[in-house]
>>> print(open('protein-v8.txt').read())   # compact mmCIF, C-alpha atoms and all ligand atoms
# COMPACT_ATOMS: atom_id res chain seq x y z
CA MET E 15 -6.01 49.14 0.27
CA LYS E 16 -9.34 47.36 0.33
CA ILE E 17 -9.17 43.57 0.16
CA SER E 18 -12.31 41.81 -1.07
CA GLU E 19 -14.56 40.07 1.44
CA ARG E 20 -14.35 37.06 -0.85
CA ALA E 21 -10.58 36.82 -0.47
CA GLN E 22 -10.75 37.39 3.26
CA SER E 23 -13.32 34.65 3.72
CA ILE E 24 -11.11 31.98 2.13
CA SER E 25 -9.67 29.65 4.79
CA LEU E 26 -6.02 28.69 4.91
CA PHE E 27 -5.09 25.50 3.06
CA PHE E 28 -3.56 23.76 6.07
CA ALA E 29 -1.71 21.09 4.06
CA MET E 30 0.16 23.89 2.29
CA GLU E 31 0.66 25.76 5.58
CA PHE E 32 2.13 22.70 7.30
CA GLY E 33 4.26 22.19 4.16
CA LYS E 34 5.52 25.77 4.55
CA ARG E 35 6.37 25.27 8.22
CA ALA E 36 8.13 22.02 7.36
CA ALA E 37 10.18 23.89 4.74
CA GLN E 38 11.16 26.51 7.36
CA LEU E 39 12.34 23.79 9.74
CA SER E 40 14.31 22.19 6.89
CA GLN E 41 16.00 25.53 6.22
CA GLN E 42 17.04 25.60 9.86
CA GLY E 43 18.89 22.35 9.22
CA HIS E 44 16.35 19.77 10.49
CA HIS E 45 15.60 16.66 8.49
CA ILE E 46 11.85 16.87 7.99
CA ILE E 47 9.90 14.03 6.44
CA LYS E 48 7.09 15.64 4.50
CA LEU E 49 3.98 13.51 4.45
CA SER E 50 1.68 16.53 4.37
CA LEU E 51 1.31 17.12 0.64
CA GLY E 52 -0.33 15.03 -2.06
CA GLU E 53 2.72 15.12 -4.27
CA PRO E 54 4.21 11.94 -5.81
CA ASP E 55 7.96 11.80 -5.22
CA PHE E 56 8.67 10.15 -8.60
CA GLY E 57 8.26 13.14 -10.89
CA ALA E 58 7.20 12.80 -14.52
CA PRO E 59 7.94 9.59 -16.49
CA PRO E 60 11.44 9.73 -18.11
CA GLU E 61 10.08 10.14 -21.66
CA VAL E 62 8.16 13.22 -20.57
CA ILE E 63 11.24 14.77 -18.98
CA GLU E 64 13.20 14.05 -22.17
CA ALA E 65 10.45 15.60 -24.29
CA GLY E 66 10.47 18.68 -22.04
CA LYS E 67 14.25 19.05 -22.47
CA ASN E 68 14.01 18.71 -26.24
CA LEU E 69 11.38 21.42 -26.38
CA MET E 70 13.78 23.91 -24.80
CA ASP E 71 15.80 24.37 -27.99
CA GLY E 72 14.97 28.00 -28.56
CA ARG E 73 11.84 27.41 -30.59
CA PRO E 74 8.95 29.79 -29.88
CA LEU E 75 6.36 28.19 -27.67
CA PRO E 76 3.25 30.17 -28.57
CA TYR E 77 -0.19 30.02 -26.98
CA THR E 78 -2.26 26.99 -27.91
CA SER E 79 -6.01 26.84 -28.33
CA ALA E 80 -7.73 27.70 -25.02
CA LEU E 81 -9.17 24.17 -25.04
CA GLY E 82 -5.70 22.63 -25.31
CA LEU E 83 -3.58 21.05 -28.05
CA PRO E 84 -5.81 18.96 -30.33
CA GLU E 85 -3.18 16.13 -30.31
CA LEU E 86 -3.24 16.03 -26.52
CA ARG E 87 -7.04 15.95 -26.38
CA GLN E 88 -6.91 13.08 -28.87
CA LYS E 89 -4.36 11.20 -26.71
CA ILE E 90 -6.51 11.66 -23.60
CA SER E 91 -9.49 10.30 -25.53
CA GLU E 92 -7.45 7.23 -26.54
CA PHE E 93 -6.38 6.81 -22.92
CA TYR E 94 -10.06 6.51 -21.88
CA GLN E 95 -10.59 3.92 -24.60
CA LYS E 96 -7.51 1.91 -23.72
CA THR E 97 -7.73 2.05 -19.94
CA HIS E 98 -11.48 2.18 -19.32
CA GLY E 99 -12.98 0.90 -22.58
CA VAL E 100 -15.00 4.10 -23.00
CA TYR E 101 -15.14 6.34 -26.05
CA VAL E 102 -14.89 10.02 -25.11
CA ASP E 103 -15.13 12.49 -27.97
CA PRO E 104 -11.89 14.58 -27.90
CA ALA E 105 -14.07 17.63 -28.60
CA ARG E 106 -15.47 17.26 -25.06
CA ILE E 107 -12.02 17.12 -23.43
CA ILE E 108 -10.67 20.45 -22.20
CA VAL E 109 -7.03 20.69 -21.13
CA THR E 110 -6.49 22.99 -18.15
CA ALA E 111 -3.74 24.32 -15.88
CA GLY E 112 -4.12 21.42 -13.45
CA ALA E 113 -7.38 20.07 -12.09
CA SER E 114 -7.44 23.30 -10.06
CA ALA E 115 -8.04 25.40 -13.18
CA ALA E 116 -10.72 22.93 -14.30
CA LEU E 117 -12.44 23.40 -10.93
CA LEU E 118 -12.25 27.17 -11.26
CA LEU E 119 -13.61 27.18 -14.81
CA LEU E 120 -16.37 24.74 -13.94
CA THR E 121 -17.54 26.63 -10.88
CA ALA E 122 -17.49 29.85 -12.93
CA ALA E 123 -19.53 28.11 -15.62
CA LEU E 124 -22.05 26.40 -13.37
CA VAL E 125 -22.60 28.29 -10.15
CA ASP E 126 -24.74 31.32 -9.39
CA ALA E 127 -25.12 33.07 -6.04
CA GLU E 128 -27.42 31.16 -3.67
CA ASP E 129 -27.21 27.87 -5.59
CA GLU E 130 -26.82 24.95 -3.22
CA VAL E 131 -24.12 22.42 -4.01
CA ILE E 132 -23.69 19.10 -2.23
CA VAL E 133 -20.16 18.27 -1.10
CA GLY E 134 -19.06 15.42 1.15
CA ASP E 135 -17.39 16.07 4.50
CA PRO E 136 -14.45 15.32 4.64
CA SER E 137 -13.30 16.31 1.16
CA TYR E 138 -10.70 18.27 -0.82
CA PRO E 139 -10.72 21.70 0.86
CA CYS E 140 -10.36 23.88 -2.25
CA ASN E 141 -13.72 22.73 -3.66
CA ARG E 142 -15.56 24.58 -0.91
CA GLN E 143 -13.50 27.69 -1.59
CA PHE E 144 -14.13 27.63 -5.34
CA LEU E 145 -17.85 27.26 -4.77
CA SER E 146 -18.22 29.94 -2.14
CA SER E 147 -16.09 32.37 -4.19
CA PHE E 148 -18.91 32.31 -6.73
CA GLY E 149 -21.54 32.77 -4.02
CA ALA E 150 -22.79 29.19 -3.86
CA LYS E 151 -24.03 27.69 -0.61
CA VAL E 152 -21.94 24.63 0.15
CA LYS E 153 -24.12 21.92 1.62
CA LEU E 154 -21.62 19.80 3.52
CA VAL E 155 -22.91 16.26 3.95
CA THR E 156 -21.52 14.50 7.00
CA THR E 157 -20.18 11.04 6.27
CA ASN E 158 -18.77 8.33 8.50
CA ALA E 159 -16.46 5.35 8.51
CA ALA E 160 -19.37 3.04 7.62
CA SER E 161 -19.83 4.87 4.29
CA LYS E 162 -16.05 5.01 3.82
CA TYR E 163 -16.23 8.76 4.41
CA GLN E 164 -18.11 9.17 1.13
CA VAL E 165 -21.64 10.43 0.49
CA THR E 166 -24.29 7.79 -0.18
CA ALA E 167 -27.38 7.86 -2.39
CA GLN E 168 -29.44 8.20 0.79
CA SER E 169 -27.41 11.05 2.27
CA VAL E 170 -27.54 12.92 -1.06
CA LYS E 171 -31.33 12.54 -1.15
CA ASP E 172 -31.66 13.61 2.50
CA ASN E 173 -29.65 16.77 1.87
CA TRP E 174 -31.26 17.72 -1.44
CA SER E 175 -33.38 20.87 -1.55
CA ASP E 176 -35.18 22.77 -4.29
CA LYS E 177 -32.13 25.04 -4.44
CA THR E 178 -29.68 22.21 -5.11
CA THR E 179 -28.15 22.62 -8.55
CA GLY E 180 -25.25 20.21 -8.41
CA LEU E 181 -22.88 18.00 -6.46
CA MET E 182 -19.16 17.42 -6.26
CA ILE E 183 -17.62 14.06 -5.47
CA ALA E 184 -14.03 12.84 -5.59
CA THR E 185 -13.55 9.09 -5.89
CA PRO E 186 -11.08 7.91 -4.64
CA SER E 187 -11.20 10.74 -2.19
CA ASN E 188 -8.74 13.10 -0.65
CA PRO E 189 -8.18 12.79 2.41
CA THR E 190 -9.21 9.14 2.81
CA GLY E 191 -8.20 7.38 -0.41
CA THR E 192 -11.56 5.57 -0.38
CA SER E 193 -13.97 5.14 -3.30
CA ILE E 194 -17.74 5.22 -3.73
CA PRO E 195 -19.02 1.81 -4.88
CA VAL E 196 -20.08 2.01 -8.54
CA ALA E 197 -23.68 1.00 -7.78
CA GLU E 198 -23.96 3.84 -5.24
CA LEU E 199 -22.40 6.39 -7.62
CA LYS E 200 -24.81 5.29 -10.37
CA GLN E 201 -27.77 5.97 -8.08
CA ILE E 202 -26.41 9.36 -7.03
CA CYS E 203 -25.77 10.44 -10.63
CA GLU E 204 -29.19 9.21 -11.73
CA TRP E 205 -30.89 11.11 -8.90
CA ALA E 206 -29.05 14.33 -9.89
CA ARG E 207 -29.62 13.78 -13.62
CA GLN E 208 -33.37 13.38 -13.13
CA ARG E 209 -33.38 16.77 -11.39
CA GLN E 210 -31.35 18.46 -14.16
CA ALA E 211 -28.50 18.94 -11.68
CA TRP E 212 -24.87 18.79 -12.69
CA ARG E 213 -22.48 16.31 -11.09
CA ILE E 214 -18.76 16.93 -11.04
CA ILE E 215 -16.89 13.70 -10.42
CA ASP E 216 -13.25 14.32 -9.59
CA GLU E 217 -11.34 11.28 -10.88
CA ILE E 218 -7.87 12.70 -10.24
CA TYR E 219 -6.98 9.54 -8.24
CA LEU E 220 -8.95 7.05 -10.34
CA ASN E 221 -5.89 5.66 -12.12
CA LEU E 222 -4.16 5.22 -8.79
CA ALA E 223 -7.00 3.06 -7.48
CA ASP E 224 -6.70 -0.72 -7.06
CA HIS E 225 -7.59 -2.90 -10.02
CA ASP E 226 -10.15 -5.68 -9.63
CA GLU E 227 -9.26 -9.37 -9.39
CA GLN E 228 -9.25 -9.66 -13.20
CA GLY E 229 -6.75 -6.79 -13.36
CA HIS E 230 -9.23 -4.23 -14.72
CA ALA E 231 -8.85 -0.55 -13.85
CA PRO E 232 -11.81 0.95 -11.95
CA GLN E 233 -14.67 2.33 -14.06
CA THR E 234 -14.87 5.99 -14.92
CA VAL E 235 -18.27 7.55 -14.23
CA LEU E 236 -18.41 8.28 -17.97
CA ALA E 237 -19.03 4.56 -18.54
CA PHE E 238 -22.54 4.89 -17.09
CA ASP E 239 -23.23 8.64 -16.98
CA PRO E 240 -21.85 10.20 -20.18
CA GLU E 241 -23.22 13.61 -19.23
CA ALA E 242 -21.36 13.72 -15.92
CA ILE E 243 -18.55 16.28 -15.71
CA VAL E 244 -15.22 14.62 -15.01
CA ILE E 245 -12.04 16.15 -13.64
CA ASN E 246 -8.61 14.63 -14.01
CA SER E 247 -4.99 15.72 -13.95
CA PHE E 248 -1.42 14.99 -14.93
CA SER E 249 -0.42 15.77 -11.33
CA LYS E 250 -0.98 12.45 -9.60
CA TYR E 251 -0.94 9.32 -11.82
CA PHE E 252 1.59 10.94 -14.17
CA GLY E 253 3.53 12.55 -11.27
CA MET E 254 3.56 16.00 -12.85
CA THR E 255 2.36 18.25 -10.01
CA GLY E 256 4.48 21.30 -10.82
CA TRP E 257 3.88 21.14 -14.57
CA ARG E 258 0.35 22.39 -13.88
CA LEU E 259 -1.64 20.36 -16.33
CA GLY E 260 -5.01 18.65 -16.03
CA TRP E 261 -8.22 18.20 -17.94
CA CYS E 262 -11.96 17.93 -17.67
CA VAL E 263 -14.60 16.21 -19.76
CA VAL E 264 -17.80 18.19 -20.18
CA PRO E 265 -21.10 17.64 -22.01
CA GLU E 266 -20.97 18.91 -25.61
CA SER E 267 -23.31 21.79 -24.80
CA MET E 268 -20.78 23.22 -22.30
CA VAL E 269 -17.70 23.25 -24.55
CA SER E 270 -18.14 26.73 -26.01
CA ILE E 271 -18.96 28.20 -22.59
CA MET E 272 -15.80 26.66 -21.15
CA GLU E 273 -13.79 27.86 -24.13
CA ASN E 274 -14.94 31.43 -23.62
CA LEU E 275 -14.10 31.30 -19.90
CA ALA E 276 -10.73 29.60 -20.53
CA GLN E 277 -9.77 32.23 -23.14
CA ASN E 278 -10.54 35.00 -20.70
CA TYR E 279 -9.13 33.47 -17.51
CA PHE E 280 -6.02 31.68 -18.79
CA ILE E 281 -5.63 32.15 -22.60
CA CYS E 282 -4.35 28.55 -22.60
CA PRO E 283 -2.62 25.97 -20.39
CA SER E 284 1.20 25.87 -20.47
CA THR E 285 2.34 25.12 -24.03
CA ILE E 286 5.54 23.35 -23.01
CA ALA E 287 3.76 21.17 -20.46
CA GLN E 288 1.15 20.20 -23.06
CA HIS E 289 3.71 19.20 -25.69
CA ALA E 290 5.74 17.22 -23.14
CA ALA E 291 2.59 15.54 -21.81
CA LEU E 292 2.01 13.90 -25.19
CA ALA E 293 4.77 11.50 -24.12
CA CYS E 294 2.69 10.40 -21.10
CA PHE E 295 0.67 8.11 -23.34
CA SER E 296 3.46 6.04 -24.90
CA ASP E 297 3.48 2.38 -23.89
CA ALA E 298 6.74 2.95 -22.01
CA SER E 299 5.38 5.89 -19.97
CA LEU E 300 2.15 4.09 -19.15
CA ALA E 301 4.18 1.07 -18.01
CA VAL E 302 6.21 3.35 -15.72
CA CYS E 303 3.00 4.82 -14.26
CA GLU E 304 1.55 1.37 -13.66
CA GLN E 305 4.75 0.27 -11.94
CA ARG E 306 4.49 3.31 -9.71
CA ARG E 307 0.87 2.50 -8.89
CA ASN E 308 2.10 -0.86 -7.62
CA ILE E 309 4.84 0.82 -5.60
CA PHE E 310 2.18 3.01 -3.98
CA LEU E 311 0.29 -0.15 -3.08
CA GLU E 312 3.38 -1.56 -1.33
CA ARG E 313 3.89 1.72 0.51
CA ARG E 314 0.26 1.69 1.60
CA GLN E 315 0.75 -1.76 3.17
CA LEU E 316 3.90 -0.55 4.88
CA VAL E 317 2.09 2.47 6.36
CA LEU E 318 -1.00 0.51 7.39
CA GLU E 319 1.12 -2.13 9.15
CA GLY E 320 3.25 0.57 10.78
CA LEU E 321 0.29 2.56 12.10
CA LYS E 322 -1.25 -0.62 13.46
CA ARG E 323 1.98 -1.53 15.26
CA ILE E 324 2.15 1.96 16.77
CA GLY E 325 -1.49 1.83 17.89
CA LEU E 326 -2.86 4.53 15.59
CA PHE E 327 -6.22 3.35 14.34
CA VAL E 328 -7.18 3.55 10.65
CA PRO E 329 -11.01 3.43 10.53
CA VAL E 330 -11.22 2.79 6.77
CA GLU E 331 -8.42 1.43 4.66
CA PRO E 332 -7.85 3.27 1.37
CA ASN E 333 -8.19 1.57 -2.00
CA GLY E 334 -6.51 4.28 -4.01
CA ALA E 335 -4.73 7.64 -4.10
CA PHE E 336 -1.86 7.81 -1.58
CA TYR E 337 -3.56 8.89 1.62
CA VAL E 338 -4.33 7.24 4.94
CA TYR E 339 -6.76 8.94 7.31
CA PHE E 340 -6.08 7.83 10.86
CA ASP E 341 -7.54 8.43 14.29
CA VAL E 342 -5.41 10.10 16.96
CA SER E 343 -8.08 10.30 19.70
CA SER E 344 -6.27 7.61 21.73
CA THR E 345 -3.43 10.13 22.30
CA GLY E 346 -5.70 12.63 24.05
CA LEU E 347 -4.48 15.29 21.61
CA SER E 348 -6.62 17.03 19.03
CA SER E 349 -5.56 16.35 15.45
CA TRP E 350 -4.21 19.90 15.26
CA GLU E 351 -2.10 19.51 18.42
CA PHE E 352 -0.95 16.10 17.22
CA CYS E 353 0.26 17.51 13.88
CA GLU E 354 1.94 20.50 15.51
CA ARG E 355 3.78 18.38 18.05
CA VAL E 356 4.73 15.68 15.57
CA LEU E 357 6.19 18.35 13.30
CA GLN E 358 8.11 20.09 16.11
CA GLU E 359 9.21 17.03 18.07
CA ALA E 360 9.39 14.20 15.52
CA HIS E 361 10.02 16.29 12.40
CA VAL E 362 7.29 14.59 10.40
CA ALA E 363 4.80 16.82 8.54
CA LEU E 364 1.20 15.59 8.47
CA THR E 365 -2.13 17.35 7.80
CA PRO E 366 -4.82 17.79 10.47
CA GLY E 367 -8.40 16.76 9.66
CA GLN E 368 -9.57 20.38 9.95
CA ASP E 369 -8.37 20.96 6.40
CA PHE E 370 -11.05 18.69 5.00
CA GLY E 371 -14.21 19.75 6.84
CA PHE E 372 -15.72 19.09 10.24
CA CYS E 373 -16.59 15.41 10.31
CA ASP E 374 -14.12 13.67 12.69
CA ALA E 375 -11.78 16.57 11.90
CA ASN E 376 -10.57 17.05 15.48
CA THR E 377 -9.60 13.45 15.85
CA HIS E 378 -8.25 12.49 12.41
CA VAL E 379 -5.04 13.17 10.56
CA ARG E 380 -4.08 12.63 6.92
CA LEU E 381 -0.80 10.99 6.03
CA SER E 382 0.34 11.11 2.41
CA TYR E 383 2.46 8.09 1.51
CA ALA E 384 3.76 9.72 -1.66
CA ALA E 385 7.29 9.41 -0.26
CA SER E 386 9.98 6.74 -0.58
CA ALA E 387 9.68 3.51 1.43
CA GLU E 388 12.84 4.53 3.32
CA GLU E 389 11.33 7.86 4.35
CA LEU E 390 8.07 6.20 5.31
CA LYS E 391 9.87 3.66 7.51
CA GLN E 392 11.79 6.43 9.19
CA ALA E 393 8.63 8.52 9.65
CA LEU E 394 6.86 5.55 11.26
CA GLN E 395 9.84 5.01 13.55
CA ARG E 396 9.71 8.66 14.59
CA LEU E 397 5.95 8.47 15.16
CA GLU E 398 6.47 5.41 17.34
CA THR E 399 9.06 7.23 19.47
CA PHE E 400 6.70 10.22 19.70
CA MET E 401 3.85 7.97 20.86
CA GLN E 402 6.12 6.38 23.45
CA SER E 403 7.11 9.82 24.73
CA LEU E 404 3.41 10.65 25.15
CA SER E 405 2.69 7.58 27.25
CA ALA E 406 5.85 8.14 29.29
C1 LIG Q 1 -9.21 15.74 -5.05
C2 LIG Q 1 -8.31 16.74 -5.70
N1 LIG Q 1 -8.77 17.46 -6.73
C3 LIG Q 1 -8.00 18.39 -7.35
C4 LIG Q 1 -6.70 18.62 -6.94
C5 LIG Q 1 -5.88 19.67 -7.66
O1 LIG Q 1 -4.85 19.06 -8.40
P1 LIG Q 1 -4.00 19.76 -9.54
O2 LIG Q 1 -4.43 21.16 -9.66
O3 LIG Q 1 -2.56 19.62 -9.13
O4 LIG Q 1 -4.27 18.97 -10.79
C6 LIG Q 1 -6.17 17.89 -5.87
C7 LIG Q 1 -4.79 18.14 -5.39
O5 LIG Q 1 -4.32 17.59 -4.42
C8 LIG Q 1 -7.00 16.92 -5.24
O6 LIG Q 1 -6.57 16.19 -4.20
>>> encode(input="protein-v8.txt", output="structure tokens")
Amino acid sequence: MKISERAQSISLFFAMEFGKRAAQLSQQGHHIIKLSLGEPDFGAPPEVIEAGKNLMDGRPLPYTSALGLPELRQKISEFYQKTHGVYVDPARIIVTAGASAALLLLTAALVDAEDEVIVGDPSYPCNRQFLSSFGAKVKLVTTNAASKYQVTAQSVKDNWSDKTTGLMIATPSNPTGTSIPVAELKQICEWARQRQAWRIIDEIYLNLADHDEQGHAPQTVLAFDPEAIVINSFSKYFGMTGWRLGWCVVPESMVSIMENLAQNYFICPSTIAQHAALACFSDASLAVCEQRRNIFLERRQLVLEGLKRIGLFVPVEPNGAFYVYFDVSSTGLSSWEFCERVLQEAHVALTPGQDFGFCDANTHVRLSYAASAEELKQALQRLETFMQSLSA
């Protein structure tokens, strides 16, 4: 059987691979603390779970519109108004099977073979795979701790060529949990806009980012670049990873193109997940999500203090998501060896930097603090013992 070159060229998603190995060790009876996946431990808000149960009463759950339930698109629009003070026309909101499906549809809609697309290094690994599956040339832009591992207006300009047709940015980012300052993002979007290039801004962690001193949520890019393409999801802030539901906001001119692709690729996102997700936007559910955001903040402090105590250096502290990117070069191990040994010897699953690109990849490791405080404390204790065993 012939397997496509495209499929064979796709790299392994190491976070998932380490997750798989951790699951195997668990099956053998070991207690593994999984800090390798970006998966909130809370699950969906209670009202959503209740709504999901009520929907399982034998009623038919037919396909919805390929663009998503109109009521859900309306609720998402209201969420932008309420949380970010921005009006987003529900007609521009497309509900998808997770942000992953939005990424697939968008790359299918926007990318031709040989187009160059700017992507920061390190960044979410699947973006590179989506782009290269459609033949695009991924222009990885090296970042550093000084730029919070994010691209800057200058680095975007320096890496631009006459073949560049777009750029992809996640803010806050996976694997670092760091954000691009608004002024910098404005400049980047303006530069791309002036060159008729698209800009996909992945805001999947935006609602898990710190609020300012006045208690305001961080700005969405749509506040200053209404033609930017935005990705978001029910997976992270709403804790609904396995429900497979997300959305994107696209310029009006792209809606029918996306609709055509969505009809062909997916027919529609999960009907039951969409109906249940309506309950995400009640005052009670939003209060639960905000409470959880604060719990993540406490866990972040716990992890940062723990890593400091152990002597594992964090070059840039996160301001959102639930990731810490830390430096293991002091151990003399590569990040890959570190993760393998920590999994085998300390039974803690982490993700090596190689998943996210090349920049500092051999020396850095991602820890996801989307686990209970108890588990995090225990994981830090195990890491400390592991570090002591190395120096002994
Ligand atoms: C930056 C980023 N974008 C997109 C996704 C995909 O999320 P989902 O398909 O669960 O919505 C993830 C998942 O971890 C992510 O970290």
>>> closest_atom_pairs(input="protein-v8.txt", of="chain E", to="ligand LIG 1 (chain Q)", cutoff="9 Å", atoms="all atoms listed in the file", output="Markdown table")
| residue | atom | partner | partner_atom | distance |
| --- | --- | --- | --- | --- |
| E:Leu51 | CA | Q:LIG1 | O5 | 7.6 |
| E:Gly52 | CA | Q:LIG1 | O5 | 5.3 |
| E:Glu53 | CA | Q:LIG1 | O5 | 7.5 |
| E:Thr110 | CA | Q:LIG1 | O4 | 8.7 |
| E:Ala111 | CA | Q:LIG1 | O2 | 7.0 |
| E:Gly112 | CA | Q:LIG1 | O4 | 3.6 |
| E:Ala113 | CA | Q:LIG1 | O4 | 3.5 |
| E:Ser114 | CA | Q:LIG1 | O2 | 3.7 |
| E:Ala115 | CA | Q:LIG1 | O2 | 6.6 |
| E:Ala116 | CA | Q:LIG1 | O2 | 8.0 |
| E:Leu117 | CA | Q:LIG1 | C3 | 7.6 |
| E:Ser137 | CA | Q:LIG1 | C1 | 7.5 |
| E:Tyr138 | CA | Q:LIG1 | C1 | 5.1 |
| E:Pro139 | CA | Q:LIG1 | C1 | 8.5 |
| E:Cys140 | CA | Q:LIG1 | C3 | 7.9 |
| E:Asn141 | CA | Q:LIG1 | N1 | 7.9 |
| E:Ile183 | CA | Q:LIG1 | C1 | 8.6 |
| E:Ala184 | CA | Q:LIG1 | C1 | 5.7 |
| E:Thr185 | CA | Q:LIG1 | C1 | 8.0 |
| E:Pro186 | CA | Q:LIG1 | C1 | 8.1 |
| E:Ser187 | CA | Q:LIG1 | C1 | 6.1 |
| E:Asn188 | CA | Q:LIG1 | C1 | 5.2 |
| E:Pro189 | CA | Q:LIG1 | O6 | 7.6 |
| E:Asp216 | CA | Q:LIG1 | N1 | 6.2 |
| E:Glu217 | CA | Q:LIG1 | C1 | 7.6 |
| E:Ile218 | CA | Q:LIG1 | N1 | 6.0 |
| E:Tyr219 | CA | Q:LIG1 | C1 | 7.3 |
| E:Ile245 | CA | Q:LIG1 | N1 | 7.8 |
| E:Asn246 | CA | Q:LIG1 | O4 | 6.9 |
| E:Ser247 | CA | Q:LIG1 | O4 | 4.6 |
| E:Phe248 | CA | Q:LIG1 | O4 | 6.4 |
| E:Ser249 | CA | Q:LIG1 | O3 | 4.9 |
| E:Lys250 | CA | Q:LIG1 | O3 | 7.4 |
| E:Met254 | CA | Q:LIG1 | O3 | 8.0 |
| E:Thr255 | CA | Q:LIG1 | O3 | 5.2 |
| E:Gly256 | CA | Q:LIG1 | O3 | 7.4 |
| E:Trp257 | CA | Q:LIG1 | O3 | 8.6 |
| E:Arg258 | CA | Q:LIG1 | O3 | 6.2 |
| E:Leu259 | CA | Q:LIG1 | O4 | 6.3 |
| E:Gly260 | CA | Q:LIG1 | O4 | 5.3 |
| E:Trp261 | CA | Q:LIG1 | O4 | 8.2 |
| E:Ala335 | CA | Q:LIG1 | O6 | 8.7 |
>>> residues_around(input="protein-v8.txt", residues="segment 300-317 of chain E", least_positions_apart="2", cutoff="10 Å", atoms="all atoms listed in the file", output="number ranges by chain")
E: 54, 56, 58-61, 93, 221-224, 250-253, 293-298, 319-323, 331-338, 381-388, 390-391, 393-394
>>> write_last_selection(input="protein-v8.txt", atoms="C-alpha atoms", output="PDB file, in the frame of the given file")
ATOM      1  CA  PRO E  54       4.210  11.940  -5.810  1.00  0.00           C
ATOM      2  CA  PHE E  56       8.670  10.150  -8.600  1.00  0.00           C
ATOM      3  CA  ALA E  58       7.200  12.800 -14.520  1.00  0.00           C
ATOM      4  CA  PRO E  59       7.940   9.590 -16.490  1.00  0.00           C
ATOM      5  CA  PRO E  60      11.440   9.730 -18.110  1.00  0.00           C
ATOM      6  CA  GLU E  61      10.080  10.140 -21.660  1.00  0.00           C
ATOM      7  CA  PHE E  93      -6.380   6.810 -22.920  1.00  0.00           C
ATOM      8  CA  ASN E 221      -5.890   5.660 -12.120  1.00  0.00           C
ATOM      9  CA  LEU E 222      -4.160   5.220  -8.790  1.00  0.00           C
ATOM     10  CA  ALA E 223      -7.000   3.060  -7.480  1.00  0.00           C
ATOM     11  CA  ASP E 224      -6.700  -0.720  -7.060  1.00  0.00           C
ATOM     12  CA  LYS E 250      -0.980  12.450  -9.600  1.00  0.00           C
ATOM     13  CA  TYR E 251      -0.940   9.320 -11.820  1.00  0.00           C
ATOM     14  CA  PHE E 252       1.590  10.940 -14.170  1.00  0.00           C
ATOM     15  CA  GLY E 253       3.530  12.550 -11.270  1.00  0.00           C
ATOM     16  CA  ALA E 293       4.770  11.500 -24.120  1.00  0.00           C
ATOM     17  CA  CYS E 294       2.690  10.400 -21.100  1.00  0.00           C
ATOM     18  CA  PHE E 295       0.670   8.110 -23.340  1.00  0.00           C
ATOM     19  CA  SER E 296       3.460   6.040 -24.900  1.00  0.00           C
ATOM     20  CA  ASP E 297       3.480   2.380 -23.890  1.00  0.00           C
ATOM     21  CA  ALA E 298       6.740   2.950 -22.010  1.00  0.00           C
ATOM     22  CA  GLU E 319       1.120  -2.130   9.150  1.00  0.00           C
ATOM     23  CA  GLY E 320       3.250   0.570  10.780  1.00  0.00           C
ATOM     24  CA  LEU E 321       0.290   2.560  12.100  1.00  0.00           C
ATOM     25  CA  LYS E 322      -1.250  -0.620  13.460  1.00  0.00           C
ATOM     26  CA  ARG E 323       1.980  -1.530  15.260  1.00  0.00           C
ATOM     27  CA  GLU E 331      -8.420   1.430   4.660  1.00  0.00           C
ATOM     28  CA  PRO E 332      -7.850   3.270   1.370  1.00  0.00           C
ATOM     29  CA  ASN E 333      -8.190   1.570  -2.000  1.00  0.00           C
ATOM     30  CA  GLY E 334      -6.510   4.280  -4.010  1.00  0.00           C
ATOM     31  CA  ALA E 335      -4.730   7.640  -4.100  1.00  0.00           C
ATOM     32  CA  PHE E 336      -1.860   7.810  -1.580  1.00  0.00           C
ATOM     33  CA  TYR E 337      -3.560   8.890   1.620  1.00  0.00           C
ATOM     34  CA  VAL E 338      -4.330   7.240   4.940  1.00  0.00           C
ATOM     35  CA  LEU E 381      -0.800  10.990   6.030  1.00  0.00           C
ATOM     36  CA  SER E 382       0.340  11.110   2.410  1.00  0.00           C
ATOM     37  CA  TYR E 383       2.460   8.090   1.510  1.00  0.00           C
ATOM     38  CA  ALA E 384       3.760   9.720  -1.660  1.00  0.00           C
ATOM     39  CA  ALA E 385       7.290   9.410  -0.260  1.00  0.00           C
ATOM     40  CA  SER E 386       9.980   6.740  -0.580  1.00  0.00           C
ATOM     41  CA  ALA E 387       9.680   3.510   1.430  1.00  0.00           C
ATOM     42  CA  GLU E 388      12.840   4.530   3.320  1.00  0.00           C
ATOM     43  CA  LEU E 390       8.070   6.200   5.310  1.00  0.00           C
ATOM     44  CA  LYS E 391       9.870   3.660   7.510  1.00  0.00           C
ATOM     45  CA  ALA E 393       8.630   8.520   9.650  1.00  0.00           C
ATOM     46  CA  LEU E 394       6.860   5.550  11.260  1.00  0.00           C
TER      47      LEU E 394
END
>>> atom_distance(input="protein-v8.txt", atom1="atom CA of Lys177 of chain E", atom2="atom CA of Val155 of chain E")
15.2 Å
>>> closest_residue(input="protein-v8.txt", among="E:Arg380, E:Arg106, E:His230, E:Lys162", to="Val269 of chain E", atoms="all atoms listed in the file")
E:Arg106
>>> atom_distance(input="protein-v8.txt", atom1="atom CA of Gln392 of chain E", atom2="atom CA of Val356 of chain E")
13.3 Å
>>> residues_around(input="protein-v8.txt", residues="Ala231 of chain E", least_positions_apart="3", cutoff="7 Å", atoms="all atoms listed in the file", output="list in words")
Thr97, His98, His225 and Asp226 of chain E
>>> write_last_selection(input="protein-v8.txt", atoms="C-alpha atoms", output="JSON list (two decimals), in the coordinates of the input")
[["chain", "number", "residue", "atom", "x", "y", "z"],
["E", 97, "THR", "CA", -7.73, 2.05, -19.94],
["E", 98, "HIS", "CA", -11.48, 2.18, -19.32],
["E", 225, "HIS", "CA", -7.59, -2.90, -10.02],
["E", 226, "ASP", "CA", -10.15, -5.68, -9.63]]
